[in-house]
Structures are given as C-alpha cells and as structure tokens.
$ cat final_31.csv   # CSV, C-alpha atoms
chain,number,residue,atom,x,y,z
A,1456,MET,CA,0.0,0.0,0.0
A,1457,GLY,CA,3.0,2.2,0.2
A,1458,ARG,CA,3.3,3.0,-3.5
A,1459,TRP,CA,1.0,5.5,-5.2
A,1460,GLU,CA,-0.8,3.5,-7.9
A,1461,PRO,CA,-4.2,3.7,-9.6
A,1462,GLY,CA,-5.5,0.9,-7.3
A,1463,ALA,CA,-8.3,1.1,-4.7
A,1464,ALA,CA,-6.2,2.8,-2.0
A,1465,GLY,CA,-5.2,5.6,-4.3
A,1466,ARG,CA,-8.7,6.1,-5.7
A,1467,LEU,CA,-10.1,6.2,-2.2
A,1468,ALA,CA,-7.6,8.8,-1.1
A,1469,GLN,CA,-8.4,10.9,-4.2
A,1470,ALA,CA,-12.1,10.5,-3.6
A,1471,ALA,CA,-11.8,11.5,0.0
A,1472,LEU,CA,-9.9,14.6,-0.8
A,1473,GLU,CA,-12.5,15.7,-3.4
A,1474,LEU,CA,-15.3,15.1,-1.0
A,1475,TYR,CA,-13.6,16.9,2.0
A,1476,ALA,CA,-13.1,19.9,-0.3
A,1477,GLU,CA,-16.6,19.8,-1.7
A,1478,ARG,CA,-18.7,19.3,1.4
A,1479,GLY,CA,-16.3,19.2,4.4
A,1480,TYR,CA,-14.7,16.3,6.3
A,1481,GLU,CA,-17.6,16.1,8.9
A,1482,GLN,CA,-20.3,15.8,6.3
A,1483,THR,CA,-18.5,13.0,4.4
A,1484,THR,CA,-19.1,9.4,5.2
A,1485,VAL,CA,-17.0,6.3,4.4
A,1486,LEU,CA,-19.8,5.2,2.2
A,1487,ASP,CA,-19.6,8.5,0.2
A,1488,ILE,CA,-15.9,8.0,-0.3
A,1489,ALA,CA,-16.3,4.4,-1.3
A,1490,GLU,CA,-19.0,5.2,-3.8
A,1491,ARG,CA,-17.0,8.1,-5.3
A,1492,ALA,CA,-14.0,5.7,-5.7
A,1493,GLY,CA,-16.2,3.0,-7.2
A,1494,VAL,CA,-15.6,0.4,-4.5
A,1495,THR,CA,-17.6,-1.0,-1.6
A,1496,GLU,CA,-17.4,0.2,2.0
A,1497,ARG,CA,-15.9,-3.2,2.8
A,1498,THR,CA,-13.0,-2.4,0.4
A,1499,PHE,CA,-12.5,0.9,2.1
A,1500,PHE,CA,-12.1,-0.8,5.5
A,1501,ARG,CA,-9.7,-3.3,4.0
A,1502,HIS,CA,-7.4,-0.4,3.3
A,1503,PHE,CA,-8.1,2.1,6.0
A,1504,ALA,CA,-9.3,2.0,9.6
A,1505,ASP,CA,-11.4,5.2,9.4
A,1506,LYS,CA,-12.0,8.3,7.3
A,1507,ARG,CA,-9.0,10.1,8.8
A,1508,GLU,CA,-6.5,7.3,7.9
A,1509,VAL,CA,-7.4,7.6,4.2
A,1510,LEU,CA,-5.4,10.8,4.0
A,1511,PHE,CA,-2.3,9.1,5.5
A,1512,ASP,CA,-1.9,6.2,3.1
A,1513,ARG,CA,1.8,6.8,2.6
A,1514,SER,CA,2.8,7.5,6.2
A,1515,ASN,CA,4.0,4.0,6.9
A,1516,ALA,CA,6.0,3.9,3.7
A,1517,LEU,CA,7.4,7.4,4.5
A,1518,GLN,CA,8.5,6.2,7.9
A,1519,GLU,CA,10.1,3.1,6.5
A,1520,THR,CA,12.0,5.3,4.0
A,1521,VAL,CA,13.3,7.6,6.7
A,1522,VAL,CA,14.2,4.8,9.2
A,1523,ALA,CA,16.1,2.9,6.4
A,1524,ALA,CA,18.0,6.1,5.5
A,1525,VAL,CA,19.0,6.6,9.1
A,1526,ALA,CA,20.2,3.0,9.3
A,1527,ALA,CA,22.1,3.2,6.1
A,1528,ALA,CA,23.9,6.5,6.8
A,1529,PRO,CA,27.8,6.3,7.1
A,1530,PRO,CA,28.7,5.2,10.6
A,1531,ASP,CA,30.7,8.4,11.5
A,1532,LEU,CA,28.1,10.9,10.3
A,1533,PRO,CA,26.9,13.2,13.2
A,1534,PRO,CA,23.3,12.6,14.3
A,1535,LEU,CA,21.9,15.8,12.8
A,1536,GLU,CA,23.5,15.1,9.5
A,1537,VAL,CA,22.1,11.6,9.5
A,1538,VAL,CA,18.6,12.9,10.3
A,1539,GLY,CA,18.9,15.7,7.8
A,1540,ALA,CA,19.8,13.3,5.0
A,1541,ALA,CA,17.0,10.9,6.0
A,1542,MET,CA,14.5,13.7,5.8
A,1543,GLU,CA,15.7,14.7,2.4
A,1544,ARG,CA,15.1,11.1,1.3
A,1545,ALA,CA,11.5,11.5,2.6
A,1546,GLY,CA,11.3,14.6,0.4
A,1547,VAL,CA,12.4,12.6,-2.6
A,1548,PHE,CA,9.8,10.0,-1.7
A,1549,LEU,CA,6.9,12.5,-1.7
A,1550,GLU,CA,8.2,14.9,-4.4
A,1551,ASP,CA,6.0,13.4,-7.2
A,1552,ARG,CA,2.7,14.3,-5.4
A,1553,ARG,CA,2.7,18.0,-5.0
A,1554,GLU,CA,-0.8,18.7,-6.2
A,1555,PHE,CA,-2.2,15.9,-4.0
A,1556,ALA,CA,-0.1,17.2,-1.1
A,1557,ARG,CA,-1.5,20.7,-1.5
A,1558,LYS,CA,-5.1,19.5,-1.5
A,1559,ARG,CA,-4.4,17.2,1.4
A,1560,ALA,CA,-2.8,20.1,3.4
A,1561,ALA,CA,-5.9,22.3,2.8
A,1562,ALA,CA,-8.2,19.5,4.0
A,1563,ILE,CA,-6.1,19.0,7.1
A,1564,ALA,CA,-5.9,22.7,7.8
A,1565,ALA,CA,-9.7,22.9,7.8
A,1566,ASN,CA,-10.2,20.2,10.4
A,1567,PRO,CA,-8.8,19.9,13.9
A,1568,SER,CA,-9.4,16.1,14.0
A,1569,LEU,CA,-7.3,15.7,10.9
A,1570,GLN,CA,-4.6,18.0,12.3
A,1571,GLU,CA,-4.4,15.9,15.4
A,1572,ARG,CA,-4.0,12.7,13.3
A,1573,GLU,CA,-1.2,14.5,11.3
A,1574,LEU,CA,0.6,15.5,14.5
A,1575,PHE,CA,0.3,11.9,15.8
A,1576,LYS,CA,1.9,10.6,12.6
A,1577,MET,CA,4.7,13.1,12.9
A,1578,ALA,CA,5.2,12.2,16.6
A,1579,THR,CA,5.3,8.5,15.6
A,1580,LEU,CA,7.9,9.3,12.9
A,1581,GLY,CA,10.0,11.1,15.6
A,1582,SER,CA,9.9,8.1,17.9
A,1583,ALA,CA,10.9,5.8,15.1
A,1584,VAL,CA,13.8,8.1,14.1
A,1585,ALA,CA,15.0,8.3,17.8
A,1586,THR,CA,14.9,4.5,18.0
A,1587,ALA,CA,16.9,4.2,14.7
A,1588,LEU,CA,19.5,6.6,16.0
A,1589,HIS,CA,19.8,4.7,19.3
A,1590,ALA,CA,20.4,1.6,17.2
A,1591,ARG,CA,23.4,3.5,15.6
A,1592,GLY,CA,24.8,4.1,19.1
A,1593,VAL,CA,23.6,7.7,19.5
A,1594,SER,CA,23.0,8.2,23.2
A,1595,SER,CA,19.6,9.1,24.8
A,1596,PRO,CA,19.2,12.9,24.9
A,1597,ALA,CA,21.0,13.5,21.6
A,1598,ALA,CA,19.0,10.8,19.8
A,1599,ALA,CA,15.7,12.2,21.0
A,1600,ILE,CA,16.5,15.9,20.3
A,1601,ALA,CA,18.0,15.1,16.9
A,1602,ALA,CA,14.8,13.1,16.0
A,1603,GLU,CA,12.5,15.9,17.1
A,1604,ALA,CA,14.6,18.5,15.3
A,1605,GLY,CA,14.6,16.3,12.2
A,1606,VAL,CA,10.8,16.1,12.2
A,1607,ALA,CA,10.5,19.9,12.7
A,1608,VAL,CA,12.9,20.4,9.7
A,1609,PHE,CA,10.8,18.1,7.6
A,1610,ARG,CA,7.5,19.7,8.6
A,1611,LEU,CA,8.6,23.2,8.0
A,1612,GLY,CA,10.1,22.3,4.6
A,1613,PHE,CA,6.9,20.5,3.7
A,1614,GLU,CA,4.8,23.4,4.7
A,1615,ARG,CA,6.8,25.8,2.5
A,1616,TRP,CA,6.6,23.3,-0.4
A,1617,VAL,CA,2.8,23.0,-0.3
A,1618,SER,CA,2.0,26.6,0.5
A,1619,ASN,CA,4.4,28.6,-1.7
A,1620,ASP,CA,4.4,28.5,-5.5
A,1621,ASP,CA,7.9,29.8,-5.7
A,1622,ALA,CA,9.3,27.2,-3.4
A,1623,PRO,CA,11.9,24.8,-4.9
A,1624,ASP,CA,11.4,21.0,-4.8
A,1625,LEU,CA,10.7,19.3,-1.5
A,1626,PRO,CA,14.2,18.0,-0.9
A,1627,ALA,CA,15.6,21.5,-1.4
A,1628,CYS,CA,12.9,23.0,1.0
A,1629,ILE,CA,14.0,20.4,3.6
A,1630,ARG,CA,17.6,21.3,3.1
A,1631,ASP,CA,16.8,25.0,3.6
A,1632,SER,CA,14.9,24.2,6.7
A,1633,LEU,CA,17.9,22.3,8.1
A,1634,ALA,CA,20.2,25.2,7.2
A,1635,ALA,CA,17.8,27.6,9.1
A,1636,LEU,CA,18.1,25.3,12.2
A,1637,ARG,CA,21.9,25.3,11.9
A,1638,ALA,CA,22.0,29.1,11.5
A,1639,LEU,CA,19.9,29.4,14.7
A,1640,THR,CA,22.5,27.5,16.8
A,1641,ALA,CA,25.6,28.9,15.1
B,987,MET,CA,-8.5,29.0,35.7
B,988,GLY,CA,-4.8,29.2,35.2
B,989,ARG,CA,-3.8,28.8,38.8
B,990,TRP,CA,-3.9,25.4,40.5
B,991,GLU,CA,-6.3,25.9,43.4
B,992,PRO,CA,-8.8,23.8,45.3
B,993,GLY,CA,-11.7,25.1,43.1
B,994,ALA,CA,-13.9,23.1,40.8
B,995,ALA,CA,-11.5,23.0,37.8
B,996,GLY,CA,-8.7,21.6,40.0
B,997,ARG,CA,-11.0,19.0,41.7
B,998,LEU,CA,-12.4,18.0,38.3
B,999,ALA,CA,-8.9,17.5,36.9
B,1000,GLN,CA,-7.9,15.4,39.9
B,1001,ALA,CA,-11.0,13.4,39.8
B,1002,ALA,CA,-10.5,12.7,36.0
B,1003,LEU,CA,-7.0,11.5,36.6
B,1004,GLU,CA,-8.1,9.1,39.3
B,1005,LEU,CA,-10.8,7.7,37.2
B,1006,TYR,CA,-8.7,7.3,34.1
B,1007,ALA,CA,-6.2,5.4,36.2
B,1008,GLU,CA,-8.8,3.2,37.9
B,1009,ARG,CA,-11.0,2.3,35.0
B,1010,GLY,CA,-9.5,3.8,31.9
B,1011,TYR,CA,-10.2,6.9,29.8
B,1012,GLU,CA,-12.8,5.3,27.5
B,1013,GLN,CA,-14.8,3.8,30.4
B,1014,THR,CA,-15.0,7.1,32.2
B,1015,THR,CA,-17.9,9.6,31.6
B,1016,VAL,CA,-18.1,13.3,32.2
B,1017,LEU,CA,-20.8,12.4,34.8
B,1018,ASP,CA,-18.4,10.1,36.6
B,1019,ILE,CA,-15.8,12.8,36.8
B,1020,ALA,CA,-18.3,15.4,38.0
B,1021,GLU,CA,-19.7,13.1,40.7
B,1022,ARG,CA,-16.2,12.2,41.9
B,1023,ALA,CA,-15.4,15.9,42.1
B,1024,GLY,CA,-18.7,16.7,43.9
B,1025,VAL,CA,-20.1,19.0,41.3
B,1026,THR,CA,-22.7,18.8,38.6
B,1027,GLU,CA,-22.2,17.8,34.9
B,1028,ARG,CA,-23.1,21.4,34.1
B,1029,THR,CA,-20.3,22.7,36.2
B,1030,PHE,CA,-17.9,20.4,34.4
B,1031,PHE,CA,-19.0,21.9,31.0
B,1032,ARG,CA,-18.6,25.4,32.4
B,1033,HIS,CA,-14.9,24.6,32.8
B,1034,PHE,CA,-14.1,22.1,30.1
B,1035,ALA,CA,-15.4,21.4,26.6
B,1036,ASP,CA,-15.0,17.6,26.9
B,1037,LYS,CA,-13.3,14.9,29.0
B,1038,ARG,CA,-10.0,15.3,27.1
B,1039,GLU,CA,-9.7,19.1,27.9
B,1040,VAL,CA,-10.0,18.4,31.7
B,1041,LEU,CA,-6.3,17.2,31.6
B,1042,PHE,CA,-5.2,20.5,29.9
B,1043,ASP,CA,-6.5,23.0,32.4
B,1044,ARG,CA,-3.2,24.9,32.5
B,1045,SER,CA,-2.3,24.8,28.9
B,1046,ASN,CA,-3.7,28.3,28.1
B,1047,ALA,CA,-1.9,29.8,31.1
B,1048,LEU,CA,1.3,27.9,30.1
B,1049,GLN,CA,1.1,29.4,26.6
B,1050,GLU,CA,0.5,32.9,28.0
B,1051,THR,CA,3.6,32.5,30.3
B,1052,VAL,CA,5.8,31.4,27.4
B,1053,VAL,CA,4.5,34.1,25.0
B,1054,ALA,CA,5.0,36.8,27.6
B,1055,ALA,CA,8.5,35.6,28.3
B,1056,VAL,CA,9.3,35.7,24.6
B,1057,ALA,CA,8.0,39.3,24.3
B,1058,ALA,CA,9.8,40.4,27.4
B,1059,ALA,CA,13.3,39.0,26.5
B,1060,PRO,CA,16.1,41.6,25.9
B,1061,PRO,CA,15.8,42.9,22.3
B,1062,ASP,CA,19.3,41.7,21.1
B,1063,LEU,CA,19.0,38.1,22.4
B,1064,PRO,CA,19.3,35.6,19.6
B,1065,PRO,CA,16.0,33.7,18.8
B,1066,LEU,CA,17.1,30.3,20.3
B,1067,GLU,CA,18.1,32.0,23.6
B,1068,VAL,CA,14.8,33.8,23.7
B,1069,VAL,CA,12.9,30.6,23.2
B,1070,GLY,CA,15.1,28.6,25.6
B,1071,ALA,CA,14.6,31.2,28.4
B,1072,ALA,CA,10.8,31.3,27.7
B,1073,MET,CA,10.6,27.5,28.0
B,1074,GLU,CA,12.5,27.6,31.3
B,1075,ARG,CA,9.8,30.0,32.5
B,1076,ALA,CA,7.3,27.4,31.5
B,1077,GLY,CA,9.2,25.0,33.6
B,1078,VAL,CA,9.0,27.3,36.6
B,1079,PHE,CA,5.3,27.6,36.0
B,1080,LEU,CA,4.7,23.8,36.1
B,1081,GLU,CA,7.4,22.9,38.6
B,1082,ASP,CA,5.0,22.7,41.6
B,1083,ARG,CA,2.9,19.9,40.1
B,1084,ARG,CA,5.2,17.0,39.6
B,1085,GLU,CA,3.0,14.3,41.1
B,1086,PHE,CA,0.0,15.6,39.1
B,1087,ALA,CA,2.2,15.8,36.0
B,1088,ARG,CA,3.3,12.2,36.4
B,1089,LYS,CA,-0.2,10.8,36.8
B,1090,ARG,CA,-1.3,12.9,33.9
B,1091,ALA,CA,1.6,11.7,31.7
B,1092,ALA,CA,0.6,8.1,32.5
B,1093,ALA,CA,-3.0,8.7,31.6
B,1094,ILE,CA,-2.0,10.3,28.3
B,1095,ALA,CA,0.5,7.6,27.4
B,1096,ALA,CA,-2.3,5.0,27.8
B,1097,ASN,CA,-4.7,6.7,25.4
B,1098,PRO,CA,-4.1,7.7,21.7
B,1099,SER,CA,-6.9,10.2,21.8
B,1100,LEU,CA,-5.3,12.1,24.7
B,1101,GLN,CA,-1.9,11.9,23.0
B,1102,GLU,CA,-3.4,13.6,20.0
B,1103,ARG,CA,-4.8,16.4,22.1
B,1104,GLU,CA,-1.5,16.8,23.8
B,1105,LEU,CA,0.3,17.0,20.5
B,1106,PHE,CA,-2.3,19.6,19.3
B,1107,LYS,CA,-1.6,21.7,22.4
B,1108,MET,CA,2.1,21.6,21.8
B,1109,ALA,CA,1.6,22.5,18.1
B,1110,THR,CA,-0.5,25.4,19.2
B,1111,LEU,CA,2.2,26.5,21.6
B,1112,GLY,CA,4.7,26.3,18.8
B,1113,SER,CA,2.6,28.6,16.5
B,1114,ALA,CA,2.1,31.1,19.3
B,1115,VAL,CA,5.9,31.2,20.0
B,1116,ALA,CA,6.6,31.6,16.2
B,1117,THR,CA,4.1,34.6,16.2
B,1118,ALA,CA,5.7,36.1,19.2
B,1119,LEU,CA,9.1,35.8,17.6
B,1120,HIS,CA,7.8,37.4,14.4
B,1121,ALA,CA,6.6,40.3,16.6
B,1122,ARG,CA,10.2,40.7,17.8
B,1123,GLY,CA,11.3,41.1,14.2
B,1124,VAL,CA,12.7,37.5,13.8
B,1125,SER,CA,12.2,36.6,10.1
B,1126,SER,CA,10.1,33.7,8.8
B,1127,PRO,CA,12.1,30.5,8.6
B,1128,ALA,CA,14.2,31.3,11.7
B,1129,ALA,CA,11.1,32.1,13.8
B,1130,ALA,CA,9.3,28.9,12.8
B,1131,ILE,CA,12.3,26.6,13.3
B,1132,ALA,CA,13.2,28.3,16.6
B,1133,ALA,CA,9.7,27.9,17.9
B,1134,GLU,CA,9.6,24.2,16.8
B,1135,ALA,CA,13.0,23.6,18.4
B,1136,GLY,CA,11.8,25.3,21.6
B,1137,VAL,CA,8.8,23.1,21.9
B,1138,ALA,CA,10.9,20.0,21.3
B,1139,VAL,CA,13.3,21.2,24.0
B,1140,PHE,CA,10.4,21.7,26.4
B,1141,ARG,CA,8.8,18.3,25.6
B,1142,LEU,CA,12.0,16.3,26.1
B,1143,GLY,CA,12.8,18.2,29.3
B,1144,PHE,CA,9.3,17.6,30.5
B,1145,GLU,CA,9.4,13.9,29.6
B,1146,ARG,CA,12.6,13.4,31.5
B,1147,TRP,CA,11.2,15.3,34.5
B,1148,VAL,CA,8.1,13.1,34.8
B,1149,SER,CA,9.7,9.8,34.0
B,1150,ASN,CA,12.9,9.9,35.9
B,1151,ASP,CA,13.2,10.0,39.7
B,1152,ASP,CA,16.8,11.2,39.5
B,1153,ALA,CA,16.0,14.1,37.2
B,1154,PRO,CA,16.6,17.6,38.5
B,1155,ASP,CA,13.8,20.2,38.6
B,1156,LEU,CA,11.9,21.0,35.5
B,1157,PRO,CA,13.7,24.2,34.5
B,1158,ALA,CA,17.0,22.4,34.8
B,1159,CYS,CA,15.7,19.5,32.7
B,1160,ILE,CA,14.7,22.0,30.0
B,1161,ARG,CA,18.1,23.7,30.2
B,1162,ASP,CA,19.8,20.3,29.7
B,1163,SER,CA,17.5,19.6,26.8
B,1164,LEU,CA,18.5,22.9,25.1
B,1165,ALA,CA,22.2,22.1,25.8
B,1166,ALA,CA,21.7,18.8,24.0
B,1167,LEU,CA,20.2,20.6,21.0
B,1168,ARG,CA,23.2,23.0,20.9
B,1169,ALA,CA,25.7,20.2,21.2
B,1170,LEU,CA,24.0,18.5,18.2
B,1171,THR,CA,24.6,21.5,15.9
B,1172,ALA,CA,28.0,22.5,17.4
$ encode --input "final_31.csv" --output "structure tokens"
Amino acid sequence: MGRWEPGAAGRLAQAALELYAERGYEQTTVLDIAERAGVTERTFFRHFADKREVLFDRSNALQETVVAAVAAAPPDLPPLEVVGAAMERAGVFLEDRREFARKRAAAIAANPSLQERELFKMATLGSAVATALHARGVSSPAAAIAAEAGVAVFRLGFERWVSNDDAPDLPACIRDSLAALRALTA
Amino acid sequence: MGRWEPGAAGRLAQAALELYAERGYEQTTVLDIAERAGVTERTFFRHFADKREVLFDRSNALQETVVAAVAAAPPDLPPLEVVGAAMERAGVFLEDRREFARKRAAAIAANPSLQERELFKMATLGSAVATALHARGVSSPAAAIAAEAGVAVFRLGFERWVSNDDAPDLPACIRDSLAALRALTA
C-alpha cells in the first residue's frame, strides 16, 4: 500500500480529498468515499481504519524510508546530518505528489481532527527516528532531540513546499529548513 | 483558571486523573468525573469542553507564560536564547505539580486520543511562539524553526522530569535539553 498507484487505496484517497473539499470532512461518510471511488465500503475498510486514515496512506512507507535512510547512513556521520539526509530522502519519496499534497494540506488545515492525526503521525515518525538513532549508538538525549529537530525540519520544509508557488522542490525545501536550524544555533 | 487551586476546575482534573487510572479513559464519563469531584455535569462543562480538555486545564496559562517571556526578552537576544529562556519560565510555572504531571503523563500515554490532544496543544504553543518571535522582528524561517525547536526542548525536558526519579527540577531538565540541541549542531 506504500506505492501511489491507480489501485483502490489511491482512488479512495483521491475521492476522500475531493469530498472533503466539496462538502467538508464532517459531512462526508465512508460510504460516500467508497461510492465516489467506485468500490464497496468493505473495500474501504480493507485499506483504512477510518475516514481520517485515508489521508495518511503513505505515512507508513514514508516512515520506513526515513528509518532505512537513518540506518544506512555512514557510521561516523553526526546525528543531525544523519537525520537531515534521511528527511531529504523523505522529500524525494513525496516529491511526485505536490498537487495531491496541497489539497491534502488544505483538507487537514480545515479540520482539527485531521490536524491531530497528522501530528500523531509526525510524533510516531519522531519516535521511530529516535529508535533508529539509538540503534546506531547515539545516546539518549542526543537521539531524542535530533529526531525531534529532524521532524521539525521536515514539517517546515513540507509546509513551505505545499504553500508557496515559488518554493523549490521538496528535498531543497527540507535542506533549507535544516540550514535555518543550523544558523539558529551557530 | 490558570492557577492550580482547590476550586472546581482543579477538583475535576484530579477526579478525572483518578478515574482514568482506575477504569481507563474510555470507560469514564463526564458524569463520573463530576460526581467524583462533587459537582454537577453542568459545572464540568462550564470549565471544560470535553473529557479530554480536563487534563489540559493549565495549557492556556502555560502558553501565556511562554509568549509573555518571549515578548519580554532583551531585544538583542538571539531567537534560540529567547525561546530557551521562555521554555525555562514554562518549567518554573509547572514545577510545583510534579505528582500531578506524572499521573497525567501516565493517563496520556495510555490513550491515543489524549496523546493527539497533547500534540495539538504543543503545536498550538509552537505557533504562538513563532508569532511572538515574528513580533520581535525575527524573520520567517528562523522564527518557525526556533519555535519548533523550543517546543521540542520543552517536551523532552518535561518527559525526563516526569519519567525519571533522579531528574533535577523542570527548569534544569529544560536547560539540559536545550544544551543537547546546541551540542547537536555545534
């Protein structure tokens, strides 16, 4: 389910986004989404636990990408470099879906319940990164703060990418965001 | 409602914590909480919008404390110092409630819905800090990343303070957490 393909999961996500934009998240049912995507409610629930999750279809794959990049980084790279490079990889992973990401960001911004789910996904990503840094031998406070800083760098880069027409590609936005963090502590 | 006092809001928060620990968050109703606190359901709703909010009775006051500290910092202090000092003030504000904070952290850790609300409060705090930094003339990417980093510093200091018997007081935990961030980017 990680790949974006014209299968049911992708059609459901697209249908959900359309409906949330047209009539609002609260007014949209799972049945509405399934019908718009041309599948049954049962198929919806085979892919997603609820009508929030349908907007987070790539969050597991995103997390796997980031964790794998942390694990694969050269052993002597400092923690913040490791995390920065991993977040850039996340940027490459998402780069092809800018229009989808924009609509999705608008839907999330309009609904506190979706914002909470988004924050939860980001927190989960942070914990996974901290664990992956631990596994590289990075000690406790450094691993945790590097992971949190990395997620902040990703989020701010992502926000710029979806909200600003003049923004460069997502990996570049993430790199700029990391540079801003470095400048702050210089 | 900001101060912790033996009034209704405080009794409701205490009652909610006890009940969440005894029977779980899902199994506890607003009526249960009101009865345990010796007030009516109506009084509950005068203080809190729902049974999640009852655990966040000081979050507004906390945010006001942090924002005021950002505004009051010396004009030439670099953004990360401003935010670090403001988060330390937040630590002073919460320092007297360690036992409550521990029970509260346990209740939140046991329930995804409470975790989401907690993350939302932290994100709101981050936005407020970014706005306060803007008002000081800090430019856009620096203000946002400094605010996010500050919230991460606060959260990690807070986590250590509630989960570790040997931890120093909360302001010191927050200071250590800021030092870990600085070491990361040194």
$ residues_around --input "final_31.csv" --residues "range 1144-1148 of chain B" --least-positions-apart "3" --cutoff "9 Å" --atoms "all atoms listed in the file" --output "MDAnalysis selection string"
chainID B and resid 1077 1084:1085 1087:1089 1091 1139:1141 1151:1157 1159:1160
$ closest_residue --input "final_31.csv" --among "A:Gly1465, A:Gly1539, A:Pro1596, A:Pro1567" --to "Leu1142 in chain B" --atoms "all atoms listed in the file"
A:Pro1596
$ closest_residue --input "final_31.csv" --among "A:Val1606, A:Leu1474, A:Ala1526, A:Ile1600" --to "chain B" --atoms "only C-alpha atoms"
A:Ile1600
$ interface_residues --input "final_31.csv" --of "chain A" --to "chain B" --cutoff "8 Å" --atoms "all atoms listed in the file" --output "list of chain:residue names"
A:Pro1533, A:Pro1534, A:Leu1535, A:Gln1570, A:Glu1571, A:Arg1572, A:Leu1574, A:Phe1575, A:Ala1578, A:Pro1596, A:Ala1597, A:Ala1599, A:Ile1600, A:Ala1601, A:Glu1603, A:Ala1604, A:Ala1607, A:Val1608, A:Leu1611, A:Ser1632, A:Ala1635, A:Leu1636, A:Arg1637, A:Leu1639, A:Thr1640, A:Ala1641
$ atom_distance --input "final_31.csv" --atom1 "CA of Ala1468 in chain A" --atom2 "CA of Asp1512 in chain A"
7.5 Å
$ atom_distance --input "final_31.csv" --atom1 "CA of Ala1007 in chain B" --atom2 "CA of Leu1041 in chain B"
12.7 Å
$ atom_distance --input "final_31.csv" --atom1 "CA of Tyr1011 in chain B" --atom2 "CA of Val1052 in chain B"
29.4 Å
$ residues_around --input "final_31.csv" --residues "Ile1488 in chain A" --least-positions-apart "2" --cutoff "10 Å" --atoms "all atoms listed in the file" --output "PyMOL selection string"
chain A and resi 1466-1475+1483-1486+1490-1496+1499+1506+1509
$ closest_residue --input "final_31.csv" --among "A:Val1525, A:Leu1549, A:Leu1569, A:Ala1564" --to "Gly1581 in chain A" --atoms "only C-alpha atoms"
A:Val1525
$ residues_around --input "final_31.csv" --residues "Ala1545 in chain A" --least-positions-apart "3" --cutoff "7 Å" --atoms "only C-alpha atoms" --output "list of chain:residue names"
A:Leu1517, A:Thr1520, A:Val1521, A:Ala1541, A:Met1542, A:Phe1548, A:Leu1549
$ closest_residue --input "final_31.csv" --among "A:Ala1523, A:Ser1514, A:Glu1543, A:Asp1487" --to "Thr1586 in chain A" --atoms "all atoms listed in the file"
A:Ala1523
$ closest_residue --input "final_31.csv" --among "B:Val1124, B:Thr1110, B:Ala1118, B:Ala995" --to "Ala1058 in chain B" --atoms "all atoms listed in the file"
B:Ala1118
